[in-house]
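What follows is start_26.pdb (PDB, C-alpha atoms, pLDDT in the B column).
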ATOM      1  CA  MET A   1      96.299  80.865 108.769  1.00 73.00           C
ATOM      2  CA  THR A   2      92.670  80.845 107.638  1.00 90.00           C
ATOM      3  CA  ASP A   3      91.350  83.015 104.815  1.00 92.00           C
ATOM      4  CA  THR A   4      89.486  85.023 107.446  1.00 95.00           C
ATOM      5  CA  GLY A   5      92.713  85.770 109.280  1.00 96.00           C
ATOM      6  CA  VAL A   6      94.538  86.761 106.099  1.00 97.00           C
ATOM      7  CA  ARG A   7      91.675  89.008 105.035  1.00 97.00           C
ATOM      8  CA  ARG A   8      91.795  90.765 108.395  1.00 98.00           C
ATOM      9  CA  ALA A   9      95.501  91.328 107.840  1.00 98.00           C
ATOM     10  CA  ILE A  10      94.825  92.708 104.348  1.00 98.00           C
ATOM     11  CA  THR A  11      92.232  95.157 105.674  1.00 98.00           C
ATOM     12  CA  ALA A  12      94.575  96.300 108.428  1.00 98.00           C
ATOM     13  CA  GLU A  13      97.494  96.754 106.020  1.00 98.00           C
ATOM     14  CA  ARG A  14      95.451  98.768 103.521  1.00 98.00           C
ATOM     15  CA  THR A  15      93.948 100.884 106.285  1.00 98.00           C
ATOM     16  CA  GLU A  16      97.353 101.731 107.739  1.00 98.00           C
ATOM     17  CA  LEU A  17      98.722 102.583 104.295  1.00 98.00           C
ATOM     18  CA  ALA A  18      95.716 104.819 103.601  1.00 98.00           C
ATOM     19  CA  GLU A  19      96.252 106.592 106.919  1.00 98.00           C
ATOM     20  CA  LEU A  20      99.918 107.116 106.099  1.00 98.00           C
ATOM     21  CA  LEU A  21      99.123 108.457 102.616  1.00 98.00           C
ATOM     22  CA  ALA A  22      96.482 110.790 104.029  1.00 98.00           C
ATOM     23  CA  GLY A  23      99.211 112.459 106.058  1.00 97.00           C
ATOM     24  CA  LEU A  24     101.643 112.969 103.161  1.00 98.00           C
ATOM     25  CA  ALA A  25     102.353 116.483 101.973  1.00 97.00           C
ATOM     26  CA  ALA A  26     101.079 117.008  98.429  1.00 97.00           C
ATOM     27  CA  GLU A  27     104.564 117.180  96.913  1.00 98.00           C
ATOM     28  CA  ARG A  28     105.522 113.803  98.361  1.00 98.00           C
ATOM     29  CA  TRP A  29     103.061 112.098  96.017  1.00 98.00           C
ATOM     30  CA  ASP A  30     105.649 112.897  93.348  1.00 98.00           C
ATOM     31  CA  GLY A  31     108.458 111.388  95.422  1.00 98.00           C
ATOM     32  CA  ALA A  32     110.462 108.448  94.047  1.00 97.00           C
ATOM     33  CA  THR A  33     109.725 104.924  95.270  1.00 98.00           C
ATOM     34  CA  LEU A  34     111.648 101.656  95.028  1.00 98.00           C
ATOM     35  CA  CYS A  35     109.688 100.810  91.866  1.00 96.00           C
ATOM     36  CA  ARG A  36     111.947 102.134  89.144  1.00 93.00           C
ATOM     37  CA  GLY A  37     110.301 105.009  87.291  1.00 96.00           C
ATOM     38  CA  TRP A  38     107.262 105.123  89.569  1.00 98.00           C
ATOM     39  CA  ARG A  39     106.429 107.904  91.967  1.00 98.00           C
ATOM     40  CA  VAL A  40     104.129 107.412  94.940  1.00 98.00           C
ATOM     41  CA  ARG A  41     101.115 108.160  92.742  1.00 98.00           C
ATOM     42  CA  GLU A  42     102.006 105.413  90.234  1.00 98.00           C
ATOM     43  CA  VAL A  43     102.460 102.871  93.021  1.00 98.00           C
ATOM     44  CA  VAL A  44      99.106 103.773  94.588  1.00 98.00           C
ATOM     45  CA  ALA A  45      97.503 103.643  91.133  1.00 98.00           C
ATOM     46  CA  HIS A  46      98.929 100.122  90.768  1.00 98.00           C
ATOM     47  CA  ILE A  47      97.813  98.997  94.227  1.00 98.00           C
ATOM     48  CA  THR A  48      94.263 100.144  93.481  1.00 98.00           C
ATOM     49  CA  MET A  49      94.201  98.995  89.844  1.00 97.00           C
ATOM     50  CA  PRO A  50      92.313  95.743  90.621  1.00 95.00           C
ATOM     51  CA  TYR A  51      89.415  97.761  92.081  1.00 96.00           C
ATOM     52  CA  ARG A  52      88.936  99.721  88.836  1.00 94.00           C
ATOM     53  CA  LEU A  53      89.700  97.067  86.226  1.00 91.00           C
ATOM     54  CA  SER A  54      87.018  94.507  85.408  1.00 90.00           C
ATOM     55  CA  GLY A  55      88.045  91.055  84.233  1.00 89.00           C
ATOM     56  CA  ALA A  56      87.138  91.954  80.658  1.00 94.00           C
ATOM     57  CA  ARG A  57      89.090  95.205  80.767  1.00 93.00           C
ATOM     58  CA  PHE A  58      92.080  93.400  82.292  1.00 92.00           C
ATOM     59  CA  ALA A  59      92.029  90.983  79.345  1.00 94.00           C
ATOM     60  CA  VAL A  60      91.928  93.873  76.867  1.00 96.00           C
ATOM     61  CA  GLU A  61      94.876  95.574  78.561  1.00 96.00           C
ATOM     62  CA  MET A  62      96.852  92.320  78.495  1.00 94.00           C
ATOM     63  CA  VAL A  63      96.235  91.960  74.759  1.00 96.00           C
ATOM     64  CA  ARG A  64      97.405  95.546  74.237  1.00 95.00           C
ATOM     65  CA  ALA A  65     100.571  94.681  76.165  1.00 95.00           C
ATOM     66  CA  ALA A  66     101.192  91.568  74.033  1.00 96.00           C
ATOM     67  CA  GLY A  67     100.617  89.321  77.033  1.00 95.00           C
ATOM     68  CA  SER A  68     103.219  90.968  79.277  1.00 94.00           C
ATOM     69  CA  PHE A  69     101.808  91.641  82.749  1.00 92.00           C
ATOM     70  CA  HIS A  70     104.738  93.911  83.633  1.00 92.00           C
ATOM     71  CA  ARG A  71     104.202  96.018  80.500  1.00 96.00           C
ATOM     72  CA  MET A  72     100.464  96.177  81.108  1.00 96.00           C
ATOM     73  CA  ALA A  73     100.859  97.129  84.779  1.00 96.00           C
ATOM     74  CA  ASP A  74     103.322  99.895  83.938  1.00 97.00           C
ATOM     75  CA  ARG A  75     101.094 101.349  81.230  1.00 97.00           C
ATOM     76  CA  VAL A  76      97.956 101.313  83.367  1.00 97.00           C
ATOM     77  CA  ALA A  77      99.727 102.758  86.419  1.00 98.00           C
ATOM     78  CA  ARG A  78     101.154 105.643  84.423  1.00 98.00           C
ATOM     79  CA  ARG A  79      97.838 106.332  82.725  1.00 97.00           C
ATOM     80  CA  ASP A  80      95.825 106.242  85.949  1.00 98.00           C
ATOM     81  CA  ALA A  81      98.391 108.333  87.823  1.00 98.00           C
ATOM     82  CA  ALA A  82      98.095 110.982  85.114  1.00 98.00           C
ATOM     83  CA  GLU A  83      94.294 110.941  84.991  1.00 98.00           C
ATOM     84  CA  LEU A  84      93.477 110.631  88.703  1.00 98.00           C
ATOM     85  CA  THR A  85      94.345 113.065  91.466  1.00 98.00           C
ATOM     86  CA  ALA A  86      96.039 112.036  94.692  1.00 98.00           C
ATOM     87  CA  GLU A  87      92.664 112.483  96.376  1.00 98.00           C
ATOM     88  CA  ASP A  88      91.046 110.136  93.829  1.00 98.00           C
ATOM     89  CA  LEU A  89      93.699 107.488  94.359  1.00 98.00           C
ATOM     90  CA  LEU A  90      93.500 107.736  98.127  1.00 98.00           C
ATOM     91  CA  LYS A  91      89.706 107.454  98.028  1.00 98.00           C
ATOM     92  CA  SER A  92      90.032 104.339  95.869  1.00 98.00           C
ATOM     93  CA  LEU A  93      92.215 102.770  98.546  1.00 98.00           C
ATOM     94  CA  TRP A  94      89.948 103.829 101.427  1.00 98.00           C
ATOM     95  CA  ASP A  95      86.854 102.549  99.651  1.00 98.00           C
ATOM     96  CA  ASN A  96      88.426  99.137  99.112  1.00 98.00           C
ATOM     97  CA  VAL A  97      90.316  98.300 102.304  1.00 98.00           C
ATOM     98  CA  ALA A  98      88.227  95.126 102.613  1.00 98.00           C
ATOM     99  CA  HIS A  99      87.966  94.350  98.891  1.00 97.00           C
ATOM    100  CA  PRO A 100      88.103  90.579  98.212  1.00 97.00           C
ATOM    101  CA  TRP A 101      90.457  90.843  95.215  1.00 96.00           C
ATOM    102  CA  LYS A 102      92.972  88.026  94.815  1.00 94.00           C
ATOM    103  CA  PRO A 103      95.736  87.868  92.191  1.00 92.00           C
ATOM    104  CA  PRO A 104      95.344  84.966  89.755  1.00 86.00           C
ATOM    105  CA  GLY A 105      96.681  81.850  91.458  1.00 83.00           C
ATOM    106  CA  GLY A 106      97.875  83.824  94.480  1.00 89.00           C
ATOM    107  CA  GLY A 107      94.920  83.633  96.835  1.00 93.00           C
ATOM    108  CA  PHE A 108      94.502  86.034  99.733  1.00 96.00           C
ATOM    109  CA  ALA A 109      98.147  85.511 100.730  1.00 95.00           C
ATOM    110  CA  GLY A 110      99.070  86.889  97.324  1.00 94.00           C
ATOM    111  CA  ALA A 111      96.847  89.916  97.875  1.00 97.00           C
ATOM    112  CA  LEU A 112      98.495  90.591 101.232  1.00 97.00           C
ATOM    113  CA  SER A 113     101.948  90.225  99.647  1.00 97.00           C
ATOM    114  CA  HIS A 114     100.963  92.700  96.936  1.00 97.00           C
ATOM    115  CA  ASP A 115      99.896  95.311  99.488  1.00 98.00           C
ATOM    116  CA  VAL A 116     102.837  94.799 101.850  1.00 98.00           C
ATOM    117  CA  ILE A 117     105.490  94.897  99.115  1.00 97.00           C
ATOM    118  CA  HIS A 118     104.121  97.968  97.373  1.00 98.00           C
ATOM    119  CA  GLY A 119     103.554  99.681 100.699  1.00 98.00           C
ATOM    120  CA  LEU A 120     107.255  99.147 101.408  1.00 98.00           C
ATOM    121  CA  ASP A 121     108.106 100.507  97.957  1.00 98.00           C
ATOM    122  CA  ILE A 122     106.543 103.750  99.153  1.00 98.00           C
ATOM    123  CA  THR A 123     107.698 103.912 102.766  1.00 98.00           C
ATOM    124  CA  VAL A 124     111.286 102.789 102.160  1.00 98.00           C
ATOM    125  CA  GLY A 125     111.517 104.959  99.060  1.00 97.00           C
ATOM    126  CA  LEU A 126     110.422 108.000 101.061  1.00 98.00           C
ATOM    127  CA  GLY A 127     112.535 107.061 104.090  1.00 96.00           C
ATOM    128  CA  LEU A 128     109.527 106.903 106.397  1.00 97.00           C
ATOM    129  CA  GLY A 129     110.841 104.058 108.550  1.00 94.00           C
ATOM    130  CA  ARG A 130     107.566 102.123 108.825  1.00 97.00           C
ATOM    131  CA  LYS A 131     107.823  98.572 110.169  1.00 97.00           C
ATOM    132  CA  VAL A 132     105.341  96.042 108.836  1.00 98.00           C
ATOM    133  CA  PRO A 133     103.754  94.213 111.802  1.00 98.00           C
ATOM    134  CA  GLU A 134     105.561  90.903 112.287  1.00 97.00           C
ATOM    135  CA  ASP A 135     102.466  88.715 111.961  1.00 97.00           C
ATOM    136  CA  ARG A 136     101.668  90.151 108.521  1.00 97.00           C
ATOM    137  CA  LEU A 137     105.274  90.023 107.425  1.00 97.00           C
ATOM    138  CA  ARG A 138     105.527  86.353 108.382  1.00 96.00           C
ATOM    139  CA  MET A 139     102.427  85.545 106.304  1.00 96.00           C
ATOM    140  CA  VAL A 140     104.132  87.105 103.291  1.00 96.00           C
ATOM    141  CA  LEU A 141     107.503  85.455 103.902  1.00 96.00           C
ATOM    142  CA  GLU A 142     105.887  82.047 104.309  1.00 93.00           C
ATOM    143  CA  ALA A 143     104.316  82.432 100.856  1.00 90.00           C
ATOM    144  CA  ILE A 144     107.705  82.998  99.157  1.00 90.00           C
ATOM    145  CA  ASN A 145     108.772  80.186  96.823  1.00 87.00           C
ATOM    146  CA  PRO A 146     111.050  79.768  93.784  1.00 87.00           C
ATOM    147  CA  LYS A 147     108.158  80.579  91.426  1.00 86.00           C
ATOM    148  CA  SER A 148     107.495  83.934  93.083  1.00 85.00           C
ATOM    149  CA  VAL A 149     111.214  84.792  93.084  1.00 86.00           C
ATOM    150  CA  LYS A 150     111.413  83.905  89.380  1.00 87.00           C
ATOM    151  CA  PHE A 151     108.471  86.233  88.695  1.00 85.00           C
ATOM    152  CA  PHE A 152     110.568  89.174  89.885  1.00 87.00           C
ATOM    153  CA  GLY A 153     113.631  88.035  87.931  1.00 88.00           C
ATOM    154  CA  VAL A 154     116.117  88.351  90.780  1.00 91.00           C
ATOM    155  CA  ASP A 155     119.282  86.211  90.770  1.00 91.00           C
ATOM    156  CA  LEU A 156     119.897  84.794  94.241  1.00 93.00           C
ATOM    157  CA  LYS A 157     122.091  81.875  93.222  1.00 93.00           C
ATOM    158  CA  GLY A 158     124.715  81.220  95.896  1.00 95.00           C
ATOM    159  CA  ILE A 159     123.133  83.604  98.414  1.00 96.00           C
ATOM    160  CA  GLU A 160     121.379  82.939 101.703  1.00 97.00           C
ATOM    161  CA  LEU A 161     119.076  85.680 102.911  1.00 97.00           C
ATOM    162  CA  ARG A 162     119.122  85.732 106.712  1.00 98.00           C
ATOM    163  CA  ALA A 163     116.942  88.084 108.764  1.00 98.00           C
ATOM    164  CA  ASP A 164     118.526  89.656 111.820  1.00 97.00           C
ATOM    165  CA  ASP A 165     115.246  90.694 113.466  1.00 96.00           C
ATOM    166  CA  VAL A 166     113.134  87.528 113.128  1.00 96.00           C
ATOM    167  CA  ASP A 167     113.912  83.828 112.698  1.00 96.00           C
ATOM    168  CA  TRP A 168     113.791  83.558 108.907  1.00 97.00           C
ATOM    169  CA  ARG A 169     116.143  82.609 106.098  1.00 96.00           C
ATOM    170  CA  TYR A 170     115.900  81.756 102.417  1.00 96.00           C
ATOM    171  CA  GLY A 171     118.332  80.067 100.044  1.00 95.00           C
ATOM    172  CA  SER A 172     121.891  78.893 100.671  1.00 96.00           C
ATOM    173  CA  GLY A 173     125.383  80.269 100.179  1.00 97.00           C
ATOM    174  CA  GLU A 174     126.979  83.617 101.035  1.00 96.00           C
ATOM    175  CA  VAL A 175     124.977  85.245 103.827  1.00 98.00           C
ATOM    176  CA  LEU A 176     123.185  88.508 103.071  1.00 98.00           C
ATOM    177  CA  SER A 177     121.576  89.839 106.232  1.00 98.00           C
ATOM    178  CA  GLY A 178     119.223  92.639 107.183  1.00 98.00           C
ATOM    179  CA  ALA A 179     115.733  93.276 108.485  1.00 98.00           C
ATOM    180  CA  ALA A 180     113.204  90.734 107.245  1.00 98.00           C
ATOM    181  CA  GLN A 181     111.143  93.336 105.422  1.00 98.00           C
ATOM    182  CA  ASP A 182     114.257  94.585 103.601  1.00 98.00           C
ATOM    183  CA  LEU A 183     115.167  91.033 102.576  1.00 98.00           C
ATOM    184  CA  LEU A 184     111.618  90.634 101.257  1.00 98.00           C
ATOM    185  CA  LEU A 185     112.332  93.571  98.986  1.00 97.00           C
ATOM    186  CA  VAL A 186     115.557  91.896  97.831  1.00 97.00           C
ATOM    187  CA  LEU A 187     113.483  88.860  96.856  1.00 95.00           C
ATOM    188  CA  CYS A 188     111.331  91.214  94.788  1.00 94.00           C
ATOM    189  CA  GLY A 189     114.290  92.630  92.898  1.00 94.00           C
ATOM    190  CA  ARG A 190     114.358  96.027  94.603  1.00 96.00           C
ATOM    191  CA  ARG A 191     117.556  97.984  95.217  1.00 96.00           C
ATOM    192  CA  LEU A 192     117.645  99.276  98.779  1.00 97.00           C
ATOM    193  CA  PRO A 193     119.290 102.320 100.361  1.00 95.00           C
ATOM    194  CA  ALA A 194     123.005 101.947 101.063  1.00 94.00           C
ATOM    195  CA  GLY A 195     123.791 100.509 104.496  1.00 94.00           C
ATOM    196  CA  THR A 196     120.514  98.595 104.723  1.00 96.00           C
ATOM    197  CA  LEU A 197     122.029  95.175 104.034  1.00 97.00           C
ATOM    198  CA  HIS A 198     125.137  93.408 105.345  1.00 97.00           C
ATOM    199  CA  GLY A 199     127.417  90.860 103.734  1.00 97.00           C
ATOM    200  CA  ALA A 200     129.891  90.526 100.905  1.00 96.00           C
ATOM    201  CA  GLU A 201     127.119  90.767  98.284  1.00 94.00           C
ATOM    202  CA  ALA A 202     125.303  93.736  99.853  1.00 96.00           C
ATOM    203  CA  LYS A 203     126.375  96.213  97.156  1.00 95.00           C
ATOM    204  CA  ARG A 204     124.650  94.120  94.477  1.00 94.00           C
ATOM    205  CA  PHE A 205     121.297  94.837  96.076  1.00 96.00           C
ATOM    206  CA  THR A 206     121.717  98.415  97.261  1.00 95.00           C
ATOM    207  CA  ARG A 207     121.960 101.743  95.526  1.00 88.00           C
ATOM    208  CA  SER A 208     124.695 104.315  96.062  1.00 74.00           C
ATOM    209  CA  GLY A 209     123.957 107.661  97.625  1.00 58.00           C
TER
END
Written as C-alpha cells, that's how I'd like the structure from this file.
Amino acid sequence: MTDTGVRRAITAERTELAELLAGLAAERWDGATLCRGWRVREVVAHITMPYRLSGARFAVEMVRAAGSFHRMADRVARRDAAELTAEDLLKSLWDNVAHPWKPPGGGFAGALSHDVIHGLDITVGLGLGRKVPEDRLRMVLEAINPKSVKFFGVDLKGIELRADDVDWRYGSGEVLSGAAQDLLLVLCGRRLPAGTLHGAEAKRFTRSG
C-alpha cells in the first residue's frame, strides 16, 4: 500500500470517528473506554495531542516524564481533557482529519494504527458496535510485529490469535479466537467485554461483568 493510500485511509478513519463523536450525548464523553482510567474525553485528547504539541514541547513533556512515553501521554491527556471542552476536542479532530503526523519510526501505517486502536477503545468501551472497514483493519494488522506487541507489554507466549471473520492469525499455541478488530485490541493489552473472545485463555483477556 502506498503512502497515498494509507493517508486516504487515515483521513477516512478520522472523519468517521469525528462524525461518531459529534453524535454522542454530552454525558457519554465521560463514559469509560478500554484505556484504563481514561474517559472518552481523555482518549480524544490523546488522539489529537500530536496536532497541539510541537516537537520542542513534546521533548519538554518527555523530560518531565523522565523519558517515559506512557507517563507523558497519560499526563498530557488528563491535562488537556480537563482544560478543553468536548467541543474543543472534537474541533481539533475535525480540523486535522488529513494531518500528516506520523509517530516516530511508525510511518503513516503507525498513524493509522494509532487512530484505529484508540477509536476502538472508545467504540468498544461504549458498546457502540462499530466495525472498522476491513481494508483499514488489514493495513493495521499487517503492521503488527513483535516490537509493537512488546511496546504494549502484553504476554502472548503460547497463544495463537486467530480471527474468525477474516483470514488472519498471529503467534502459535493455544488458539484464542474472535473478530479481528477484537484480537487487535488483545495485542494492545486491552481487556475486552466478557463473551467477546473464545478459547481456553479467553478469561485472561476479558473483563467480568
Report as a PDB file with C-alpha atoms, in the coordinates of the input all protein, DNA and RNA residues lying within 9 Å of Leu156 in chain A, evaluated on all atoms listed in the file, omitting residues in the same chain fewer than 5 positions from it.
ATOM      1  CA  VAL A 149     111.214  84.792  93.084  1.00 86.00           C
ATOM      2  CA  LEU A 161     119.076  85.680 102.911  1.00 97.00           C
ATOM      3  CA  GLY A 171     118.332  80.067 100.044  1.00 95.00           C
ATOM      4  CA  SER A 172     121.891  78.893 100.671  1.00 96.00           C
ATOM      5  CA  LEU A 187     113.483  88.860  96.856  1.00 95.00           C
TER       6      LEU A 187
END
Apply the PyMOL selection byres ((chain A and resi 39) around 12) to the file shown and report the selected residues as a VMD selection string.
chain A and resid 27 to 38 40 to 46 74 77 to 78 81 to 82 86 118 121 to 123 125 to 126
At what distance in Å, to one decimal, does CA of Val132 in chain A lie from CA of Phe69 in chain A?
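Going from CA of Phe69 in chain A over to CA of Val132 in chain A covers 26.7 Å.
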With distances taken over only C-alpha atoms, which of A:Leu93, A:Leu197, A:Ile144, A:Leu176 is nearest to Gly158 in chain A?
A:Leu176
What's the 12 Å shell around Asp155 in chain A, counting all atoms listed in the file, without same-chain residues fewer than 6 positions away, as a list in words?
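Counting only the stated atoms, we get Pro146, Val149, Gly171, Val186, Leu187, Cys188, Gly189, Arg190, Glu201, Arg204 and Phe205 of chain A.
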Once you have the residues from the selection above, write them out as a PDB file, in the frame of the given file, restricted to C-alpha atoms.
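Result written to part-v3.pdb:
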ATOM      1  CA  PRO A 146     111.050  79.768  93.784  1.00 87.00           C
ATOM      2  CA  VAL A 149     111.214  84.792  93.084  1.00 86.00           C
ATOM      3  CA  GLY A 171     118.332  80.067 100.044  1.00 95.00           C
ATOM      4  CA  VAL A 186     115.557  91.896  97.831  1.00 97.00           C
ATOM      5  CA  LEU A 187     113.483  88.860  96.856  1.00 95.00           C
ATOM      6  CA  CYS A 188     111.331  91.214  94.788  1.00 94.00           C
ATOM      7  CA  GLY A 189     114.290  92.630  92.898  1.00 94.00           C
ATOM      8  CA  ARG A 190     114.358  96.027  94.603  1.00 96.00           C
ATOM      9  CA  GLU A 201     127.119  90.767  98.284  1.00 94.00           C
ATOM     10  CA  ARG A 204     124.650  94.120  94.477  1.00 94.00           C
ATOM     11  CA  PHE A 205     121.297  94.837  96.076  1.00 96.00           C
TER      12      PHE A 205
END
Quick one: everything within 9 Å of range 1-3 of chain A, counting all atoms listed in the file, minus sequence neighbours fewer than 4 positions away in the same chain. Send it as a list of chain:residue names.
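Everything that qualifies: A:Arg7, A:Arg8, A:Gly107, A:Phe108, A:Ala109, A:Met139.
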Assuming the chain letters and numbering stay as they are in my file, what does the PyMOL selection byres ((chain A and resi 117) around 9) actually select? List them as a list in words.
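Applying the PyMOL selection byres ((chain A and resi 117) around 9) to the structure shown produces Leu112, Ser113, His114, Asp115, Val116, His118, Gly119, Leu120, Asp121, Ile122, Val140, Gln181, Leu184, Leu185 and Cys188 of chain A.
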Would you mind reading off the distance between CA of Thr85 in chain A and CA of Leu53 in chain A, one decimal, in Å?
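These atoms are spaced 17.5 Å apart.
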The PyMOL selection byres ((chain A and resi 72) around 12) applied to the shown file, residues as a ChimeraX atom specification:
/A:46,49,53,57-71,73-79
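Atom pair CA of Glu16 in chain A / CA of Val97 in chain A has a distance of 9.5 Å (rounded to one decimal).
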Please determine an axis-aligned box that encloses all atoms of range 183-198 of chain A listed in the file, with 4 Å added on each side, and express its centre and edge lengths in Å to one decimal as lines of an AutoDock Vina configuration file.
center_x = 118.2
center_y = 95.6
center_z = 99.1
size_x = 21.8
size_y = 21.5
size_z = 20.4
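The residue that comes closest to Lys203 in chain A, out of A:Arg191, A:Gly105, A:Arg14, A:Gly129 and on the basis of all atoms listed in the file, is A:Arg191.
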Excluding Trp101 in chain A and any residue of its chain fewer than 2 positions from it, enumerate the residues within 8 Å of it, using all atoms listed in the file, and give them as a compact mmCIF listing (two decimals) with C-alpha atoms, in the frame of the given file.
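Saved result, part.txt, follows:
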# COMPACT_ATOMS: atom_id res chain seq x y z
CA PRO A 50 92.31 95.74 90.62
CA TYR A 51 89.42 97.76 92.08
CA HIS A 99 87.97 94.35 98.89
CA PRO A 103 95.74 87.87 92.19
CA PHE A 108 94.50 86.03 99.73
CA ALA A 111 96.85 89.92 97.88
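Distance cut-off 10 Å, centre (107.9, 97.2, 112.3), atoms counted only C-alpha atoms; the residues meeting this are Gly129, Arg130, Lys131, Val132, Pro133, Glu134, Leu137, Asp165, Ala179, Ala180 and Gln181 of chain A.
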Point out the residue among A:Ala194, A:Val6, A:Ala56, A:Leu89 with the least atom-to-atom distance to Ala18 in chain A, counting only C-alpha atoms.
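Among A:Ala194, A:Val6, A:Ala56, A:Leu89, it is A:Leu89 that comes nearest to Ala18 in chain A.
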